[in-house]
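The next block is start34.txt, given as compact mmCIF, C-alpha atoms.
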# COMPACT_ATOMS: atom_id res chain seq x y z
CA MET A 1 -9.90 8.22 -14.60
CA GLU A 2 -10.84 5.49 -12.13
CA ASN A 3 -8.01 3.07 -12.92
CA LYS A 4 -5.46 5.65 -13.95
CA ASN A 5 -4.57 6.62 -10.41
CA PRO A 6 -1.80 4.54 -8.93
CA ILE A 7 -2.02 2.83 -5.54
CA SER A 8 0.47 4.21 -3.08
CA PRO A 9 3.16 1.73 -1.92
CA HIS A 10 2.20 -0.23 1.17
CA ILE A 11 3.89 -3.44 2.34
CA GLN A 12 6.90 -2.57 0.17
CA ILE A 13 7.73 0.47 2.28
CA TYR A 14 6.13 -0.06 5.67
CA ASN A 15 8.47 -0.73 8.60
CA TRP A 16 8.27 -3.97 10.47
CA HIS A 17 8.12 -3.89 14.25
CA ILE A 18 7.85 -6.59 16.89
CA SER A 19 4.05 -6.80 16.99
CA SER A 20 3.63 -7.09 13.24
CA LEU A 21 6.40 -9.73 13.12
CA VAL A 22 4.72 -11.76 15.85
CA SER A 23 1.39 -11.40 14.06
CA ILE A 24 2.62 -12.69 10.70
CA SER A 25 4.64 -15.47 12.35
CA HIS A 26 1.52 -16.45 14.30
CA ARG A 27 -0.29 -16.95 11.01
CA ILE A 28 2.52 -18.85 9.36
CA THR A 29 3.05 -21.18 12.36
CA GLY A 30 -0.74 -21.64 12.50
CA ILE A 31 -0.78 -22.90 8.93
CA ILE A 32 2.26 -25.14 9.59
CA ASN A 33 0.56 -26.57 12.69
CA PHE A 34 -2.62 -27.26 10.78
CA PHE A 35 -0.75 -29.35 8.26
CA THR A 36 1.51 -31.09 10.79
CA ILE A 37 -1.44 -32.18 12.93
CA THR A 38 -3.17 -33.56 9.85
CA PHE A 39 0.06 -35.28 8.81
CA ILE A 40 0.69 -36.78 12.26
CA GLY A 41 -2.94 -37.94 12.37
CA ILE A 42 -2.59 -39.76 9.06
CA TRP A 43 0.74 -41.14 10.18
CA ILE A 44 -0.71 -42.60 13.36
CA ALA A 45 -3.64 -44.01 11.45
CA SER A 46 -1.12 -45.80 9.23
CA LEU A 47 -0.10 -47.93 12.27
CA LEU A 48 -3.24 -49.92 11.57
CA LEU A 49 -1.45 -51.30 8.54
CA GLY A 50 0.96 -53.26 10.73
CA GLU A 51 4.49 -53.38 12.07
CA GLN A 52 6.21 -52.16 8.91
CA SER A 53 4.52 -48.75 9.25
CA TYR A 54 5.81 -48.47 12.82
CA GLN A 55 9.33 -49.31 11.69
CA ASN A 56 9.15 -46.69 8.96
CA ILE A 57 8.12 -43.99 11.42
CA ASN A 58 10.78 -45.03 13.87
CA LEU A 59 13.47 -44.98 11.21
CA PHE A 60 12.49 -41.50 10.09
CA LEU A 61 12.28 -40.06 13.60
CA SER A 62 15.71 -41.37 14.61
CA SER A 63 17.37 -39.94 11.49
CA PHE A 64 18.94 -36.48 11.43
CA LEU A 65 16.18 -35.16 9.18
CA GLY A 66 13.57 -36.62 11.53
CA LYS A 67 15.07 -34.83 14.52
CA PHE A 68 15.22 -31.59 12.59
CA PHE A 69 11.59 -32.08 11.64
CA CYS A 70 10.68 -32.69 15.30
CA LEU A 71 12.49 -29.57 16.50
CA GLY A 72 10.85 -27.57 13.72
CA ILE A 73 7.32 -28.51 14.61
CA ILE A 74 7.99 -28.18 18.34
CA TRP A 75 9.20 -24.63 17.71
CA SER A 76 6.16 -23.91 15.59
CA PHE A 77 3.89 -25.18 18.38
CA SER A 78 5.85 -23.32 21.09
CA PHE A 79 5.59 -20.07 19.19
CA GLN A 80 1.89 -20.54 18.54
CA MET A 81 1.26 -21.38 22.19
CA LEU A 82 3.08 -18.33 23.59
CA SER A 83 1.55 -16.03 21.00
CA GLU A 84 -1.89 -17.46 21.75
CA ILE A 85 -1.45 -16.70 25.46
CA ARG A 86 -0.53 -13.13 24.47
CA HIS A 87 -3.70 -12.98 22.39
CA LEU A 88 -5.81 -14.28 25.28
CA PHE A 89 -4.65 -11.40 27.44
CA MET A 90 -5.36 -8.97 24.62
CA ASP A 91 -8.85 -10.41 24.24
CA LEU A 92 -9.40 -9.52 27.88
CA GLY A 93 -8.29 -5.99 27.07
CA TYR A 94 -4.86 -6.11 28.69
CA GLY A 95 -1.41 -5.43 27.31
CA PHE A 96 -2.18 -2.86 24.64
CA GLU A 97 0.26 -0.22 25.82
CA GLN A 98 3.11 0.28 23.35
CA LYS A 99 5.77 -0.77 25.83
CA THR A 100 3.86 -3.86 26.97
CA THR A 101 3.23 -5.04 23.42
CA LYS A 102 6.93 -4.73 22.71
CA ILE A 103 7.92 -6.70 25.80
CA THR A 104 5.31 -9.45 25.37
CA GLY A 105 6.17 -9.66 21.67
CA LEU A 106 9.83 -10.15 22.51
CA ILE A 107 8.93 -12.79 25.10
CA VAL A 108 7.02 -14.68 22.41
CA LEU A 109 9.74 -14.33 19.78
CA ILE A 110 12.69 -15.18 22.00
CA GLY A 111 10.89 -17.44 24.49
CA SER A 112 9.77 -19.85 21.79
CA PHE A 113 13.36 -21.14 21.45
CA PRO A 114 14.05 -22.18 25.08
CA LEU A 115 10.53 -23.58 25.22
CA THR A 116 11.34 -25.71 22.18
CA VAL A 117 14.44 -27.08 23.91
CA ILE A 118 12.52 -27.77 27.13
CA ILE A 119 9.72 -29.62 25.35
CA PHE A 120 12.26 -31.58 23.30
CA ILE A 121 14.21 -32.62 26.41
CA ILE A 122 11.03 -33.56 28.31
CA GLY A 123 10.06 -35.64 25.30
CA ARG A 124 13.45 -37.40 25.29
CA VAL A 125 13.25 -38.14 29.00
CA LEU A 126 9.69 -39.42 28.92
CA ILE A 127 9.95 -41.56 25.83
CA MET B 128 -8.12 -9.50 -1.74
CA VAL B 129 -4.51 -9.72 -0.67
CA GLN B 130 -2.32 -8.28 -3.37
CA LEU B 131 1.26 -7.96 -2.24
CA ASN B 132 2.63 -6.48 -5.45
CA LEU B 133 1.75 -3.09 -6.78
CA PRO B 134 -0.16 -3.02 -10.08
CA ALA B 135 1.92 -2.14 -13.15
CA ASN B 136 0.82 1.50 -13.26
CA SER B 137 1.78 1.97 -9.59
CA LYS B 138 5.37 0.75 -9.73
CA VAL B 139 7.63 3.51 -8.49
CA GLU B 140 10.37 4.53 -10.90
CA LYS B 141 13.54 6.45 -10.38
CA GLY B 142 12.90 10.16 -10.66
CA GLN B 143 14.81 13.37 -11.06
CA TYR B 144 17.71 14.48 -8.93
CA TYR B 145 17.75 18.06 -7.69
CA LYS B 146 21.29 18.98 -6.75
CA ASP B 147 21.92 21.49 -4.00
CA LYS B 148 22.61 25.00 -5.28
CA THR B 149 23.35 26.76 -2.00
CA GLY B 150 26.80 25.23 -1.51
CA SER B 151 25.87 24.18 2.01
CA LYS B 152 27.96 21.57 3.79
CA ASN B 153 25.05 20.20 5.78
CA ILE B 154 23.13 18.43 3.04
CA ARG B 155 20.42 15.85 3.47
CA LYS B 156 18.81 13.83 0.71
CA ILE B 157 15.03 13.80 0.71
CA ASN B 158 13.29 11.24 -1.53
CA ILE B 159 9.73 12.16 -2.37
CA TYR B 160 7.03 10.14 -4.12
CA ARG B 161 5.72 12.05 -7.14
CA TRP B 162 2.81 11.38 -9.44
CA ASP B 163 1.28 13.84 -11.85
CA PRO B 164 -2.29 13.06 -12.94
CA SER B 165 -1.91 15.20 -16.08
CA LYS B 166 0.87 13.00 -17.45
CA ASN B 167 0.56 9.42 -18.48
CA GLU B 168 3.53 8.21 -16.45
CA ASN B 169 4.23 5.92 -13.55
CA PRO B 170 4.91 7.41 -10.12
CA ARG B 171 8.55 8.27 -9.47
CA LEU B 172 10.82 8.99 -6.55
CA ASP B 173 12.46 12.41 -6.86
CA THR B 174 15.52 13.20 -4.79
CA TYR B 175 16.17 16.65 -3.38
CA GLU B 176 19.35 17.82 -1.72
CA VAL B 177 18.32 20.14 1.09
CA ASP B 178 20.48 22.59 3.03
CA MET B 179 19.71 21.57 6.61
CA ASP B 180 21.56 24.53 8.15
CA ASN B 181 18.71 26.79 7.11
CA CYS B 182 15.78 24.53 7.76
CA SER B 183 13.43 24.33 10.75
CA SER B 184 12.98 21.19 12.77
CA LYS B 185 10.00 19.32 11.34
CA VAL B 186 9.55 17.22 8.22
CA LEU B 187 6.82 19.63 7.10
CA ASP B 188 9.40 22.44 7.27
CA VAL B 189 11.60 20.43 4.92
CA LEU B 190 8.70 19.97 2.51
CA ASN B 191 7.84 23.67 2.66
CA LYS B 192 11.48 24.53 2.02
CA ILE B 193 11.56 22.28 -1.03
CA LYS B 194 8.29 23.71 -2.33
CA ASN B 195 9.37 27.31 -1.74
CA GLU B 196 12.97 27.11 -2.84
CA ILE B 197 13.53 24.11 -5.10
CA ASP B 198 10.42 22.70 -6.76
CA PRO B 199 7.05 24.51 -6.49
CA SER B 200 5.24 21.73 -8.40
CA ILE B 201 5.19 19.34 -5.43
CA ALA B 202 1.75 18.75 -3.90
CA TYR B 203 0.87 17.80 -0.33
CA ARG B 204 -1.86 18.59 2.18
CA ARG B 205 -1.08 20.80 5.15
CA SER B 206 -2.90 23.30 7.24
CA CYS B 207 -2.39 23.96 10.95
CA ALA B 208 1.22 22.76 11.28
CA HIS B 209 0.62 21.94 14.96
CA GLY B 210 -0.67 18.39 14.90
CA VAL B 211 -4.31 19.35 15.27
CA CYS B 212 -5.85 19.24 11.81
CA GLY B 213 -4.40 15.94 10.61
CA SER B 214 -3.88 17.15 7.04
CA CYS B 215 -0.19 16.40 6.63
CA ALA B 216 -0.40 12.69 7.45
CA MET B 217 2.11 10.81 5.31
CA ASN B 218 4.58 7.96 5.40
CA MET B 219 8.05 9.02 6.50
CA ASN B 220 10.88 6.47 6.53
CA GLY B 221 8.42 3.60 6.55
CA LYS B 222 6.11 4.82 9.28
CA ASN B 223 2.96 6.89 9.12
CA GLY B 224 2.82 10.15 11.01
CA LEU B 225 2.15 13.85 10.81
CA ALA B 226 4.87 15.74 8.96
CA CYS B 227 4.27 18.77 11.19
CA THR B 228 5.00 16.98 14.46
CA LYS B 229 7.74 14.64 13.23
CA SER B 230 11.24 16.03 13.71
CA HIS B 231 13.58 15.20 10.87
CA SER B 232 16.33 14.66 13.44
CA GLU B 233 14.40 11.61 14.67
CA LEU B 234 14.72 9.99 11.25
CA ASP B 235 17.89 8.18 10.23
CA GLY B 236 19.69 8.58 6.92
CA ASP B 237 17.99 9.89 3.80
CA ILE B 238 14.36 10.72 4.36
CA ASP B 239 11.84 8.80 2.24
CA ILE B 240 8.45 10.44 2.01
CA TYR B 241 5.49 8.56 0.55
CA PRO B 242 1.76 9.19 0.63
CA LEU B 243 -0.27 7.22 3.18
CA PRO B 244 -0.05 3.56 2.12
CA HIS B 245 -2.49 1.71 -0.13
CA LEU B 246 -4.58 4.70 -1.18
CA LYS B 247 -5.55 5.85 -4.63
CA VAL B 248 -3.06 8.65 -5.26
CA LEU B 249 -4.59 11.93 -6.46
CA LYS B 250 -1.32 13.78 -6.84
CA ASP B 251 2.15 13.41 -5.32
CA LEU B 252 1.65 12.94 -1.56
CA ILE B 253 -2.12 13.32 -1.65
CA GLY B 254 -4.11 10.12 -1.22
CA ASP B 255 -7.84 9.66 -1.74
CA LEU B 256 -9.53 9.22 1.65
CA SER B 257 -13.15 9.28 0.43
CA THR B 258 -13.75 5.59 1.29
CA LEU B 259 -12.62 6.24 4.83
CA TYR B 260 -14.90 9.27 5.14
CA LYS B 261 -17.85 7.23 3.87
CA GLN B 262 -17.09 4.57 6.46
CA TYR B 263 -16.86 7.27 9.11
CA GLU B 264 -20.31 8.50 8.12
CA SER B 265 -21.64 4.93 8.34
CA VAL B 266 -20.99 4.76 12.11
CA GLU B 267 -23.16 7.88 12.57
CA PRO B 268 -20.65 9.87 14.56
CA TRP B 269 -23.03 12.10 16.45
CA LEU B 270 -24.89 11.98 19.76
CA LYS B 271 -28.20 10.19 19.65
CA THR B 272 -30.46 11.14 22.52
CA SER B 273 -34.16 11.59 23.14
CA LYS B 274 -33.54 14.42 25.59
CA VAL B 275 -34.62 17.72 24.14
CA ASN B 276 -34.38 20.00 27.15
CA ASP B 277 -32.30 23.12 26.87
CA LYS B 278 -30.20 22.27 29.92
CA GLU B 279 -26.78 20.69 30.02
CA ASN B 280 -26.67 16.97 29.34
CA ILE B 281 -24.80 16.01 32.48
CA GLN B 282 -22.17 13.28 32.65
CA SER B 283 -20.36 11.99 35.75
CA LYS B 284 -16.61 12.48 36.00
CA ASP B 285 -16.05 8.75 35.56
CA ASP B 286 -18.22 8.58 32.48
CA ARG B 287 -16.45 11.56 31.01
CA ALA B 288 -13.08 9.92 31.71
CA LYS B 289 -14.08 7.02 29.46
CA LEU B 290 -13.81 9.34 26.49
CA ASP B 291 -10.19 10.19 27.20
CA GLY B 292 -7.93 8.68 24.60
CA LEU B 293 -10.83 8.68 22.12
CA TYR B 294 -12.03 12.25 21.68
CA GLU B 295 -8.50 13.41 20.84
CA CYS B 296 -8.58 11.56 17.53
CA ILE B 297 -8.11 13.97 14.63
CA MET B 298 -9.00 11.51 11.84
CA CYS B 299 -5.65 11.88 10.10
CA ALA B 300 -5.90 8.26 8.88
CA CYS B 301 -2.35 7.37 9.92
CA CYS B 302 -3.64 4.30 11.76
CA SER B 303 -6.07 2.98 9.16
CA THR B 304 -3.55 3.27 6.33
CA SER B 305 -0.88 1.51 8.42
CA CYS B 306 -3.08 -1.54 8.90
CA PRO B 307 -2.45 -4.54 6.61
CA SER B 308 -6.01 -5.75 7.20
CA TYR B 309 -7.25 -2.39 5.97
CA TRP B 310 -4.95 -2.61 2.94
CA TRP B 311 -6.41 -5.95 1.89
CA ASN B 312 -10.03 -5.34 2.93
CA GLY B 313 -10.33 -1.56 2.94
CA GLU B 314 -13.70 -1.60 1.21
CA LYS B 315 -15.37 -3.71 3.89
CA TYR B 316 -13.27 -3.58 7.04
CA LEU B 317 -13.90 -0.29 8.82
CA GLY B 318 -10.30 0.14 9.95
CA PRO B 319 -8.86 1.41 13.24
CA ALA B 320 -9.72 5.10 12.82
CA VAL B 321 -13.41 4.53 12.17
CA LEU B 322 -13.68 1.78 14.81
CA LEU B 323 -12.10 4.05 17.41
CA GLN B 324 -14.71 6.66 16.51
CA ALA B 325 -17.46 4.04 16.68
CA TYR B 326 -16.26 3.10 20.17
CA ARG B 327 -16.17 6.76 21.17
CA TRP B 328 -19.96 6.90 20.67
CA ILE B 329 -20.65 3.41 22.00
CA ILE B 330 -19.00 4.24 25.31
CA ASP B 331 -20.53 7.72 25.67
CA SER B 332 -22.91 7.60 28.67
CA ARG B 333 -25.18 10.22 27.09
CA ASP B 334 -25.77 8.21 23.96
CA GLU B 335 -28.94 6.10 23.94
CA ASP B 336 -28.17 4.09 20.86
CA ARG B 337 -25.45 1.83 22.25
CA LYS B 338 -27.17 -1.47 21.46
CA GLU B 339 -27.90 -0.47 17.89
CA ARG B 340 -24.38 0.81 17.39
CA LEU B 341 -22.88 -2.44 18.69
CA LYS B 342 -25.20 -4.48 16.52
CA LYS B 343 -24.27 -2.51 13.44
CA VAL B 344 -20.54 -2.93 13.95
CA ALA B 345 -20.67 -6.64 14.91
CA ASP B 346 -19.71 -8.01 11.56
CA GLU B 347 -17.13 -10.52 10.37
CA LEU B 348 -15.68 -8.00 7.94
CA LYS B 349 -16.44 -4.62 9.51
CA LEU B 350 -14.91 -5.42 12.91
CA TYR B 351 -13.32 -8.86 13.11
CA ARG B 352 -10.77 -8.25 10.38
CA CYS B 353 -8.71 -6.73 13.18
CA HIS B 354 -6.06 -9.29 14.04
CA THR B 355 -4.22 -7.12 16.58
CA ILE B 356 -1.23 -6.50 14.35
CA LEU B 357 -0.94 -3.22 16.30
CA ASN B 358 0.45 -1.15 13.42
CA CYS B 359 -2.31 1.34 14.24
CA THR B 360 -1.25 2.00 17.82
CA ASN B 361 2.34 2.14 16.69
CA ALA B 362 1.53 4.77 14.06
CA CYS B 363 -0.89 7.09 15.90
CA PRO B 364 0.76 10.53 16.05
CA LYS B 365 -1.53 11.52 18.94
CA GLY B 366 -0.47 8.55 21.07
CA LEU B 367 -3.94 7.00 21.08
CA ASN B 368 -4.66 3.30 21.10
CA PRO B 369 -7.12 2.23 18.36
CA ALA B 370 -6.23 -1.45 18.88
CA LYS B 371 -7.41 -1.24 22.47
CA ALA B 372 -10.62 0.52 21.42
CA ILE B 373 -11.33 -2.28 18.94
CA ALA B 374 -10.57 -4.87 21.63
CA GLU B 375 -13.05 -3.13 23.94
CA ILE B 376 -15.77 -3.32 21.28
CA LYS B 377 -15.04 -7.03 20.80
CA LYS B 378 -15.16 -7.51 24.57
CA MET B 379 -18.50 -5.70 24.86
CA LEU B 380 -19.93 -7.90 22.12
CA ALA B 381 -18.57 -11.07 23.74
CA THR B 382 -19.95 -10.21 27.17
CA ALA B 383 -23.21 -8.57 26.14
How would this structure read if it were set down as structure tokens?
Amino acid sequence: MENKNPISPHIQIYNWHISSLVSISHRITGIINFFTITFIGIWIASLLLGEQSYQNINLFLSSFLGKFFCLGIIWSFSFQMLSEIRHLFMDLGYGFEQKTTKITGLIVLIGSFPLTVIIFIIGRVLI
Amino acid sequence: MVQLNLPANSKVEKGQYYKDKTGSKNIRKINIYRWDPSKNENPRLDTYEVDMDNCSSKVLDVLNKIKNEIDPSIAYRRSCAHGVCGSCAMNMNGKNGLACTKSHSELDGDIDIYPLPHLKVLKDLIGDLSTLYKQYESVEPWLKTSKVNDKENIQSKDDRAKLDGLYECIMCACCSTSCPSYWWNGEKYLGPAVLLQAYRWIIDSRDEDRKERLKKVADELKLYRCHTILNCTNACPKGLNPAKAIAEIKKMLATA
């Protein structure tokens, strides 16, 4: 009897809305950031091996793929940052009203793109 | 454990098609999840053509119409039909709610009706909520006080106001069964409905067991599986905010 009963459909049928989208994207970007930070750390450590390592990094970063990679991780960080700020407010008990969650969720989702561009441009200017 | 796919015996198959016999021009297709415990078959999605010209406004009215006029074998819980008892909680077009307060005119296209998500199905739209009830019992949802006088247990207006948005909960389980964390950890995570109830007693000025209650709920799995996905608040048919209640518990624990 125990195992005979089926489980009712869940993620297959449940509607997505802004907050759940932000939540799952927060997790995914979190995992991406974890790996990119590790990767960048190892990469920087490889500079100890001498000039050739520096040249390799430089070559990759100035290629099309390298720029795409940069934009990708900057977006991932931008999203995580904005979403984290949203979470900080929630931890303080603010922003739980349906309308507010929708607006702040949209700010995170849409705002991550201009923020990516801004950080990228600042990076270009500074370096 | 996170299991995204349904087990083999839970896969929903195509069901029967009940064609309209009234000759009405205002037809709407209603897809309903069916599972019969007496047969050894997978669940299926039956489709009913319903004459909407002679049907009242709520989804529960549609279900009653189908049960009365088309297929009496269909099983679902219902009682008050006024959004007070919480019996007819189900998933309609991908969102949990009460069939008796949800107007079918608010739903677009064909109406898909499923039982509350990620529950053991007992029959058709009836899910097994016994785990949730056990969890509810575990938070000891009653007033604990040493006062035994026969007078009123007085509360200030402000203290009473703290219970607004909490006491209205009817335990329909729409929120808990909308929560992905509850889907994956339903055995251990208490879920939004039970946590809102826990908070209702934690915040009650007449209750003398606040510390104990907080201590009991402060658990990696019981409480902190809430990741503010906010499906709960989005689903609540009474317009309550379980996510905020959970956040308040977390805040009390962090500042205690």
Please determine the contact residues of chain A with respect to chain B at a cut-off of 9 Å, counting only C-alpha atoms, and supply them as a PyMOL selection string.
chain A and resi 3-17+19-24+87+90-98+101
Could you tell me how far CA of Leu88 (chain A) lies from CA of Thr104 (chain A), in Å and to one decimal?
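Separation between CA of Leu88 (chain A) and CA of Thr104 (chain A): 12.1 Å.
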Tell me which of A:Ile31, A:Leu47, A:Leu59, A:Ile118 sits closest to Ser76 (chain A), counting all atoms listed in the file.
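Smallest separation from Ser76 (chain A) among the options: A:Ile31.
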Contact residues around region 283-297 of chain B with all atoms listed in the file at 12 Å, ignoring same-chain residues under 6 positions, as a CSV table (one decimal) with C-alpha atoms, keeping the file's coordinate frame:
chain,number,residue,atom,x,y,z
B,209,HIS,CA,0.6,21.9,15.0
B,210,GLY,CA,-0.7,18.4,14.9
B,211,VAL,CA,-4.3,19.4,15.3
B,212,CYS,CA,-5.8,19.2,11.8
B,213,GLY,CA,-4.4,15.9,10.6
B,214,SER,CA,-3.9,17.2,7.0
B,215,CYS,CA,-0.2,16.4,6.6
B,216,ALA,CA,-0.4,12.7,7.4
B,225,LEU,CA,2.2,13.8,10.8
B,268,PRO,CA,-20.6,9.9,14.6
B,319,PRO,CA,-8.9,1.4,13.2
B,320,ALA,CA,-9.7,5.1,12.8
B,321,VAL,CA,-13.4,4.5,12.2
B,322,LEU,CA,-13.7,1.8,14.8
B,323,LEU,CA,-12.1,4.0,17.4
B,324,GLN,CA,-14.7,6.7,16.5
B,325,ALA,CA,-17.5,4.0,16.7
B,326,TYR,CA,-16.3,3.1,20.2
B,327,ARG,CA,-16.2,6.8,21.2
B,328,TRP,CA,-20.0,6.9,20.7
B,329,ILE,CA,-20.6,3.4,22.0
B,330,ILE,CA,-19.0,4.2,25.3
B,331,ASP,CA,-20.5,7.7,25.7
B,332,SER,CA,-22.9,7.6,28.7
B,333,ARG,CA,-25.2,10.2,27.1
B,334,ASP,CA,-25.8,8.2,24.0
B,360,THR,CA,-1.2,2.0,17.8
B,363,CYS,CA,-0.9,7.1,15.9
B,364,PRO,CA,0.8,10.5,16.0
B,365,LYS,CA,-1.5,11.5,18.9
B,366,GLY,CA,-0.5,8.6,21.1
B,367,LEU,CA,-3.9,7.0,21.1
B,368,ASN,CA,-4.7,3.3,21.1
B,369,PRO,CA,-7.1,2.2,18.4
B,370,ALA,CA,-6.2,-1.4,18.9
B,371,LYS,CA,-7.4,-1.2,22.5
B,372,ALA,CA,-10.6,0.5,21.4
B,373,ILE,CA,-11.3,-2.3,18.9
B,375,GLU,CA,-13.0,-3.1,23.9
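Within the 12 Å cut-off around Gly111 (chain A), using all atoms listed in the file and omitting residues fewer than 2 positions from it on the same chain, the listed residues are Trp75, Ser76, Ser78, Phe79, Gln80, Met81, Leu82, Ser83, Ile103, Thr104, Gly105, Leu106, Ile107, Val108, Leu109, Phe113, Pro114, Leu115, Thr116, Val117 and Ile118 of chain A.
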Can you measure CA of Ser25 (chain A) to CA of Ile110 (chain A) for me? One decimal in Å is fine.
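It comes out at 12.6 Å.
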CA of Ile159 (chain B) and CA of Tyr260 (chain B) are how many Å apart?
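Taking CA of Ile159 (chain B) as the start and CA of Tyr260 (chain B) as the end point, the length is 25.9 Å.
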